>>> print(open('start22.cif').read())   # mmCIF, C-alpha atoms
data_run
loop_
_atom_site.label_atom_id
_atom_site.label_comp_id
_atom_site.auth_asym_id
_atom_site.auth_seq_id
_atom_site.Cartn_x
_atom_site.Cartn_y
_atom_site.Cartn_z
CA MET P 122 -12.04 14.17 -12.02
CA SER P 123 -13.53 13.51 -8.66
CA LEU P 124 -16.78 12.30 -10.24
CA MET P 125 -15.04 9.48 -12.08
CA TRP P 126 -12.97 8.60 -9.02
CA SER P 127 -15.92 8.57 -6.69
CA LYS P 128 -17.87 6.42 -9.15
CA LEU P 129 -15.09 3.86 -9.09
CA VAL P 130 -15.02 3.89 -5.30
CA LEU P 131 -18.79 3.61 -4.97
CA ARG P 132 -18.94 0.71 -7.35
CA ARG P 133 -16.21 -1.01 -5.41
CA LEU P 134 -17.73 -0.32 -2.01
CA SER P 135 -21.19 -1.51 -2.95
CA GLY P 136 -19.90 -4.70 -4.51
CA ALA P 137 -17.51 -5.82 -1.81
CA SER P 138 -18.41 -7.74 1.31
CA LEU P 139 -15.04 -7.03 2.90
CA VAL P 140 -15.72 -3.44 3.96
CA GLY P 141 -15.79 -3.16 7.72
CA VAL P 142 -14.11 -6.52 8.18
CA ARG P 143 -10.85 -6.16 9.98
CA GLY P 144 -8.16 -5.27 7.55
CA PHE P 145 -7.73 -3.09 4.54
CA HIS P 146 -10.20 -2.91 1.72
CA GLN P 147 -8.23 -2.55 -1.44
CA THR P 148 -8.98 0.62 -3.30
CA PRO P 149 -9.23 0.13 -7.02
CA ARG P 150 -6.30 0.99 -9.18
CA VAL P 151 -7.21 4.10 -11.05
CA ALA P 152 -8.65 2.91 -14.32
CA SER P 153 -6.58 3.84 -17.30
CA ILE P 154 -8.68 6.06 -19.42
CA PHE P 155 -6.28 7.87 -21.66
CA PRO P 156 -5.49 6.54 -25.09
CA ALA P 157 -1.92 6.83 -26.22
CA SER P 158 -2.69 9.50 -28.77
CA HIS P 159 -0.81 12.68 -29.46
CA LYS P 160 -3.42 14.52 -27.43
CA TRP P 161 -2.12 12.74 -24.34
CA ASN P 162 1.32 14.26 -24.87
CA LEU P 163 -0.22 17.70 -25.04
CA MET P 164 -2.04 17.09 -21.77
CA VAL P 165 1.09 15.99 -19.96
CA SER P 166 2.97 19.13 -20.89
CA SER P 167 0.19 21.53 -19.95
CA PRO P 168 0.99 23.49 -16.80
CA ARG P 169 -2.38 23.02 -15.10
CA PRO P 170 -3.47 19.57 -13.98
CA CYS P 171 -6.28 18.51 -16.30
CA GLY P 172 -7.89 15.78 -14.27
CA ILE P 173 -9.57 12.81 -15.82
CA GLN P 174 -11.47 13.86 -18.92
CA SER P 175 -12.10 12.03 -22.08
CA THR P 176 -10.06 13.55 -24.86
CA CYS P 177 -10.45 10.78 -27.35
CA ASN P 178 -12.06 12.20 -30.47
CA ASN P 179 -10.91 9.38 -32.64
CA SER P 180 -12.88 6.58 -31.06
CA SER P 181 -12.59 4.03 -33.79
CA LEU P 182 -10.89 0.85 -32.74
CA PHE P 183 -10.28 -0.34 -36.24
CA LYS P 184 -8.46 1.52 -38.95
CA LEU P 185 -9.25 0.66 -42.49
CA ASP P 186 -6.68 1.30 -45.17
CA THR P 187 -8.74 0.92 -48.30
CA SER P 188 -5.92 1.72 -50.73
CA ALA P 189 -3.79 -1.17 -49.54
CA GLY P 190 -6.88 -3.27 -48.82
CA LYS P 191 -6.01 -4.11 -45.25
CA GLY P 192 -7.22 -3.15 -41.81
CA GLN P 193 -5.53 -2.96 -38.47
CA PHE P 194 -6.66 -2.79 -34.87
CA ILE P 195 -5.64 0.33 -32.99
CA ARG P 196 -4.52 -0.55 -29.49
CA PHE P 197 -4.80 2.05 -26.78
CA TYR P 198 -1.95 1.36 -24.40
CA SER P 199 -2.81 2.56 -20.97
CA HIS P 200 -1.17 5.20 -18.83
CA GLU P 201 -2.01 5.92 -15.27
CA ALA P 202 -3.78 9.14 -14.49
CA PRO P 203 -1.43 12.10 -13.97
CA LEU P 204 -0.37 12.37 -10.36
CA THR P 205 -0.75 15.66 -8.55
CA LEU P 206 -0.14 16.24 -4.88
CA GLU P 207 -3.84 16.79 -4.38
CA PHE P 208 -4.67 13.47 -6.04
CA ILE P 209 -2.07 11.68 -3.93
CA ARG P 210 -3.44 13.33 -0.79
CA ASP P 211 -6.99 12.26 -1.62
CA ARG P 212 -5.95 8.67 -2.21
CA VAL P 213 -3.86 8.51 0.96
CA LEU P 214 -6.74 9.86 3.05
CA LEU P 215 -9.19 7.51 1.36
CA VAL P 216 -7.05 4.47 2.17
CA LEU P 217 -6.79 5.62 5.78
CA LYS P 218 -10.54 6.20 6.03
CA LEU P 219 -11.17 2.66 4.82
CA TYR P 220 -8.91 1.28 7.54
CA ASP P 221 -11.16 0.18 10.33
CA LYS P 222 -8.75 1.08 13.14
CA VAL P 223 -8.69 4.73 12.16
CA ASP P 224 -11.35 7.08 13.44
CA PRO P 225 -12.30 9.20 10.40
CA GLU P 226 -13.29 12.08 12.69
CA LYS P 227 -9.75 12.48 13.97
CA LEU P 228 -8.08 11.98 10.62
CA THR P 229 -6.35 15.00 9.14
CA VAL P 230 -3.32 15.35 6.90
CA ASP P 231 -1.17 16.17 9.88
CA SER P 232 -2.47 13.67 12.41
CA HIS P 233 0.34 11.52 13.79
CA PHE P 234 -0.38 7.79 13.50
CA LEU P 235 0.95 6.78 16.88
CA ASN P 236 0.22 9.88 18.95
CA ASP P 237 -2.98 11.33 17.51
CA LEU P 238 -4.72 8.38 15.91
CA GLY P 239 -3.81 5.89 18.62
CA LEU P 240 -2.39 3.24 16.30
CA ASP P 241 0.44 1.00 17.39
CA SER P 242 3.59 0.18 15.46
CA LEU P 243 2.14 -2.97 13.89
CA ASP P 244 -0.77 -0.89 12.61
CA HIS P 245 1.72 1.57 11.21
CA VAL P 246 3.39 -1.23 9.24
CA GLU P 247 -0.02 -2.24 7.90
CA VAL P 248 -0.76 1.35 6.87
CA ILE P 249 2.49 1.62 4.93
CA MET P 250 1.83 -1.75 3.24
CA ALA P 251 -1.59 -0.47 2.19
CA MET P 252 0.05 2.59 0.69
CA GLU P 253 2.39 0.31 -1.25
CA ASP P 254 -0.63 -1.55 -2.60
CA GLU P 255 -2.43 1.65 -3.49
CA PHE P 256 0.42 3.33 -5.35
CA GLY P 257 2.02 0.22 -6.74
CA PHE P 258 5.63 0.50 -5.58
CA GLU P 259 7.61 -0.84 -2.66
CA ILE P 260 8.58 1.36 0.27
CA PRO P 261 11.77 0.10 1.98
CA ASP P 262 11.88 -0.34 5.75
CA ARG P 263 14.20 2.54 6.54
CA ASP P 264 11.95 4.98 4.68
CA ALA P 265 8.79 3.49 6.12
CA GLU P 266 9.79 4.06 9.74
CA ARG P 267 10.12 7.81 9.09
CA LEU P 268 6.61 8.23 7.67
CA MET P 269 4.55 9.10 10.71
CA LYS P 270 1.80 11.31 9.29
CA PRO P 271 -0.29 11.30 6.11
CA ALA P 272 1.51 14.52 5.10
CA ASP P 273 4.86 12.68 5.25
CA ILE P 274 3.48 9.92 3.06
CA VAL P 275 2.13 12.39 0.51
CA ARG P 276 5.47 14.18 0.32
CA TYR P 277 7.38 10.89 0.07
CA ILE P 278 5.24 9.55 -2.75
CA GLY P 279 5.48 12.90 -4.51
CA ASP P 280 9.26 12.68 -4.30
CA LYS P 281 9.36 9.11 -5.53
CA LYS P 282 7.00 9.74 -8.39
CA ASP P 283 8.53 13.08 -9.39
CA VAL P 284 5.37 15.07 -8.84
CA TYR P 285 5.99 18.82 -8.80
CA ASP P 286 3.07 20.98 -7.83
CA MET O 79 24.29 6.07 34.75
CA SER O 80 22.36 7.86 32.02
CA LYS O 81 24.75 6.37 29.46
CA LEU O 82 23.81 2.90 30.64
CA LYS O 83 20.14 3.78 30.32
CA ASN O 84 20.64 4.92 26.73
CA ALA O 85 22.52 1.72 25.85
CA MET O 86 19.58 -0.37 27.05
CA SER O 87 17.03 1.54 25.06
CA LEU O 88 19.19 1.34 21.93
CA LYS O 89 19.20 -2.47 22.17
CA GLN O 90 15.48 -2.39 22.76
CA PHE O 91 15.07 -0.11 19.78
CA MET O 92 17.09 -2.48 17.56
CA ILE O 93 15.08 -5.50 18.68
CA ARG O 94 11.87 -3.60 18.09
CA GLN O 95 12.97 -2.71 14.57
CA GLU O 96 13.79 -6.38 13.90
CA VAL O 97 10.36 -7.41 15.06
CA LEU O 98 8.70 -4.83 12.83
CA GLN O 99 10.82 -5.94 9.87
CA MET O 100 9.78 -9.51 10.46
CA TYR O 101 6.13 -8.45 10.61
CA ARG O 102 6.58 -6.70 7.29
CA SER O 103 8.19 -9.82 5.79
CA TYR O 104 5.21 -11.89 6.86
CA LEU O 105 2.80 -9.40 5.30
CA ARG O 106 4.82 -9.39 2.06
CA LEU O 107 4.63 -13.16 2.06
CA GLY O 108 0.85 -12.90 2.33
CA ARG O 109 0.77 -11.05 -0.98
CA LEU O 110 2.09 -14.13 -2.77
CA ILE O 111 -0.85 -16.22 -1.69
CA GLN O 112 -3.15 -17.14 -4.55
CA GLY O 113 -6.53 -18.75 -4.46
CA SER O 114 -8.53 -20.19 -7.33
CA ASP O 115 -9.96 -16.78 -8.24
CA GLU O 116 -9.66 -13.18 -7.11
CA GLU O 117 -12.41 -13.45 -4.49
CA SER O 118 -10.87 -16.44 -2.72
CA SER O 119 -7.37 -14.96 -3.01
CA LYS O 120 -8.54 -11.91 -1.11
CA LYS O 121 -10.21 -14.04 1.54
CA LEU O 122 -7.07 -16.12 1.98
CA GLN O 123 -4.89 -13.03 2.25
CA LEU O 124 -7.22 -11.48 4.80
CA GLU O 125 -7.12 -14.70 6.80
CA TRP O 126 -3.32 -14.73 6.59
CA ASN O 127 -3.08 -11.12 7.77
CA THR O 128 -5.40 -11.72 10.71
CA TRP O 129 -3.46 -14.83 11.70
CA VAL O 130 -0.07 -13.07 11.53
CA ARG O 131 -1.44 -10.12 13.48
CA SER O 132 -2.83 -12.33 16.24
CA GLU O 133 0.48 -14.20 16.54
CA PHE O 134 2.36 -10.95 17.02
CA ASP O 135 -0.26 -9.57 19.41
CA LEU O 136 -0.05 -12.69 21.57
CA ARG O 137 3.64 -12.13 22.18
CA LYS O 138 3.96 -8.38 22.12
CA ASN O 139 3.84 -7.85 25.89
CA GLU O 140 6.95 -9.93 26.53
CA LYS O 141 9.61 -7.89 28.31
CA ASN O 142 12.48 -10.35 28.65
CA GLU O 143 15.09 -9.62 25.99
CA ASP O 144 16.31 -13.21 25.66
CA VAL O 145 12.82 -14.55 25.18
CA ILE O 146 12.22 -11.94 22.50
CA ARG O 147 15.42 -12.89 20.68
CA ASN O 148 14.42 -16.53 20.86
CA MET O 149 11.03 -15.74 19.37
CA LEU O 150 12.70 -13.74 16.60
CA VAL O 151 14.86 -16.71 15.64
CA ILE O 152 11.90 -19.08 15.63
CA GLY O 153 9.84 -16.57 13.66
CA LYS O 154 12.51 -16.19 10.99
CA ARG O 155 12.84 -19.94 10.60
CA GLN O 156 9.09 -20.27 10.28
CA LEU O 157 9.08 -17.48 7.72
CA GLY O 158 11.49 -19.45 5.53
CA GLU O 159 9.42 -22.60 5.79
CA LEU O 160 6.18 -20.81 4.99
CA ASN O 161 7.90 -19.09 2.08
CA ARG O 162 8.83 -22.49 0.65
CA SER O 163 5.37 -23.97 1.16
CA ILE O 164 3.63 -21.01 -0.44
CA ARG O 165 5.90 -21.12 -3.46
CA ILE O 166 5.30 -24.84 -3.80
CA SER O 167 1.55 -24.44 -3.54
CA ASN O 168 1.58 -21.73 -6.18
CA GLY O 169 3.31 -24.08 -8.59
#
>>> encode(input="start22.cif", output="structure tokens")
Amino acid sequence: MSLMWSKLVLRRLSGASLVGVRGFHQTPRVASIFPASHKWNLMVSSPRPCGIQSTCNNSSLFKLDTSAGKGQFIRFYSHEAPLTLEFIRDRVLLVLKLYDKVDPEKLTVDSHFLNDLGLDSLDHVEVIMAMEDEFGFEIPDRDAERLMKPADIVRYIGDKKDVYD
Amino acid sequence: MSKLKNAMSLKQFMIRQEVLQMYRSYLRLGRLIQGSDEESSKKLQLEWNTWVRSEFDLRKNEKNEDVIRNMLVIGKRQLGELNRSIRISNG
């Protein structure tokens, strides 16, 4: 899983001229890789997180029904990759590492934004906005002001996305 | 005496929260900005974010409560106007 993820990040980092410029560099949305086949349902119900692997054995995009003399395109509707707490934690830390005001040396899961990392409250707002961009849902103000460490953010997103680990 | 002190810091806390909410509204507004393609959209949004940040940084050391309230009112009005102009420019 991490190989695919790191490939995405590397491609993004090498292509962009915005890294290092003040502000957030948008991390790529995780590419949807899973086809909506019955194998996907099996993966979701398995107890162990499977990571990003290709499970598509049936790779034909076009299904030919010779008896009826017609063909039809098979469309693979996309799902997002399955969320685990570890995956969420990695993404949260990655977003923070890409933020130029954060010193990656001091960054841990439990480092407090204001006290340990030396950010101010405006930076904190920017961090939460970046998390909204990364995970694709809005975080209301009253929740955002409580999230003071990466660990809080990971737990919050896990709660909102119903991730049990 | 300590009760009076707490009352002051509560007001300050409320004002601070309003300022942070306004900052967040400005940043959310920046997300609506579109350029001709993805590259220019990102540049415009980055420019917007830097501008908003510098505006807030310029005024953040103000201690006088009335001045801060005044700035909040002006900021909210400006937010509405910018909201309208951005929606118009997006078509």
>>> interface_residues(input="start22.cif", of="chain O", to="chain P", cutoff="7 Å", atoms="only C-alpha atoms", output="ChimeraX atom specification")
/O:98,102,124
>>> closest_residue(input="start22.cif", among="P:Ser199, P:Leu219, P:Gly257, P:Asp231", to="P:Arg276", atoms="all atoms listed in the file")
P:Asp231
>>> atom_distance(input="start22.cif", atom1="atom CA of P:Ala202", atom2="atom CA of P:Tyr220")
23.9 Å
>>> atom_distance(input="start22.cif", atom1="atom CA of O:Glu116", atom2="atom CA of O:Thr128")
18.4 Å
>>> residues_around(input="start22.cif", residues="O:Tyr104", least_positions_apart="2", cutoff="10 Å", atoms="all atoms listed in the file", output="MDAnalysis selection string")
chainID O and resid 98:102 106:109 126:127 130:131 153:154 156:158 160:161
>>> atom_distance(input="start22.cif", atom1="atom CA of P:Lys282", atom2="atom CA of P:Met269")
19.3 Å
>>> residues_around(input="start22.cif", residues="P:Ala272", least_positions_apart="6", cutoff="12 Å", atoms="all atoms listed in the file", output="JSON, numbers by chain")
{"P": [206, 207, 209, 210, 211, 212, 213, 214, 228, 229, 230, 231, 232, 233, 234, 278, 279]}
>>> write_last_selection(input="start22.cif", atoms="C-alpha atoms", output="JSON list (two decimals), in the coordinates of the input")
[["chain", "number", "residue", "atom", "x", "y", "z"],
["P", 206, "LEU", "CA", -0.14, 16.24, -4.88],
["P", 207, "GLU", "CA", -3.84, 16.79, -4.38],
["P", 209, "ILE", "CA", -2.07, 11.68, -3.93],
["P", 210, "ARG", "CA", -3.44, 13.33, -0.79],
["P", 211, "ASP", "CA", -6.99, 12.26, -1.62],
["P", 212, "ARG", "CA", -5.95, 8.67, -2.21],
["P", 213, "VAL", "CA", -3.86, 8.51, 0.96],
["P", 214, "LEU", "CA", -6.74, 9.86, 3.05],
["P", 228, "LEU", "CA", -8.08, 11.98, 10.62],
["P", 229, "THR", "CA", -6.35, 15.00, 9.14],
["P", 230, "VAL", "CA", -3.32, 15.35, 6.90],
["P", 231, "ASP", "CA", -1.17, 16.17, 9.88],
["P", 232, "SER", "CA", -2.47, 13.67, 12.41],
["P", 233, "HIS", "CA", 0.34, 11.52, 13.79],
["P", 234, "PHE", "CA", -0.38, 7.79, 13.50],
["P", 278, "ILE", "CA", 5.24, 9.55, -2.75],
["P", 279, "GLY", "CA", 5.48, 12.90, -4.51]]
>>> residues_around(input="start22.cif", residues="stretch 91-93 of chain O", least_positions_apart="6", cutoff="10 Å", atoms="all atoms listed in the file", output="list in words")
Ala85, Gln99, Glu143, Ile146, Arg147 and Leu150 of chain O
>>> axis_aligned_box(input="start22.cif", around="stretch 149-167 of chain O", padding_each_side="5 Å", output="lines of an AutoDock Vina configuration file")
center_x = 8.2
center_y = -19.3
center_z = 7.8
size_x = 23.3
size_y = 21.1
size_z = 33.2
>>> closest_residue(input="start22.cif", among="O:Gln123, O:Asp115, O:Lys141, O:Asn148", to="O:Gln90", atoms="all atoms listed in the file")
O:Lys141
>>> closest_residue(input="start22.cif", among="P:Glu226, P:His200, P:Glu253, P:Leu238", to="O:Leu105", atoms="all atoms listed in the file")
P:Glu253
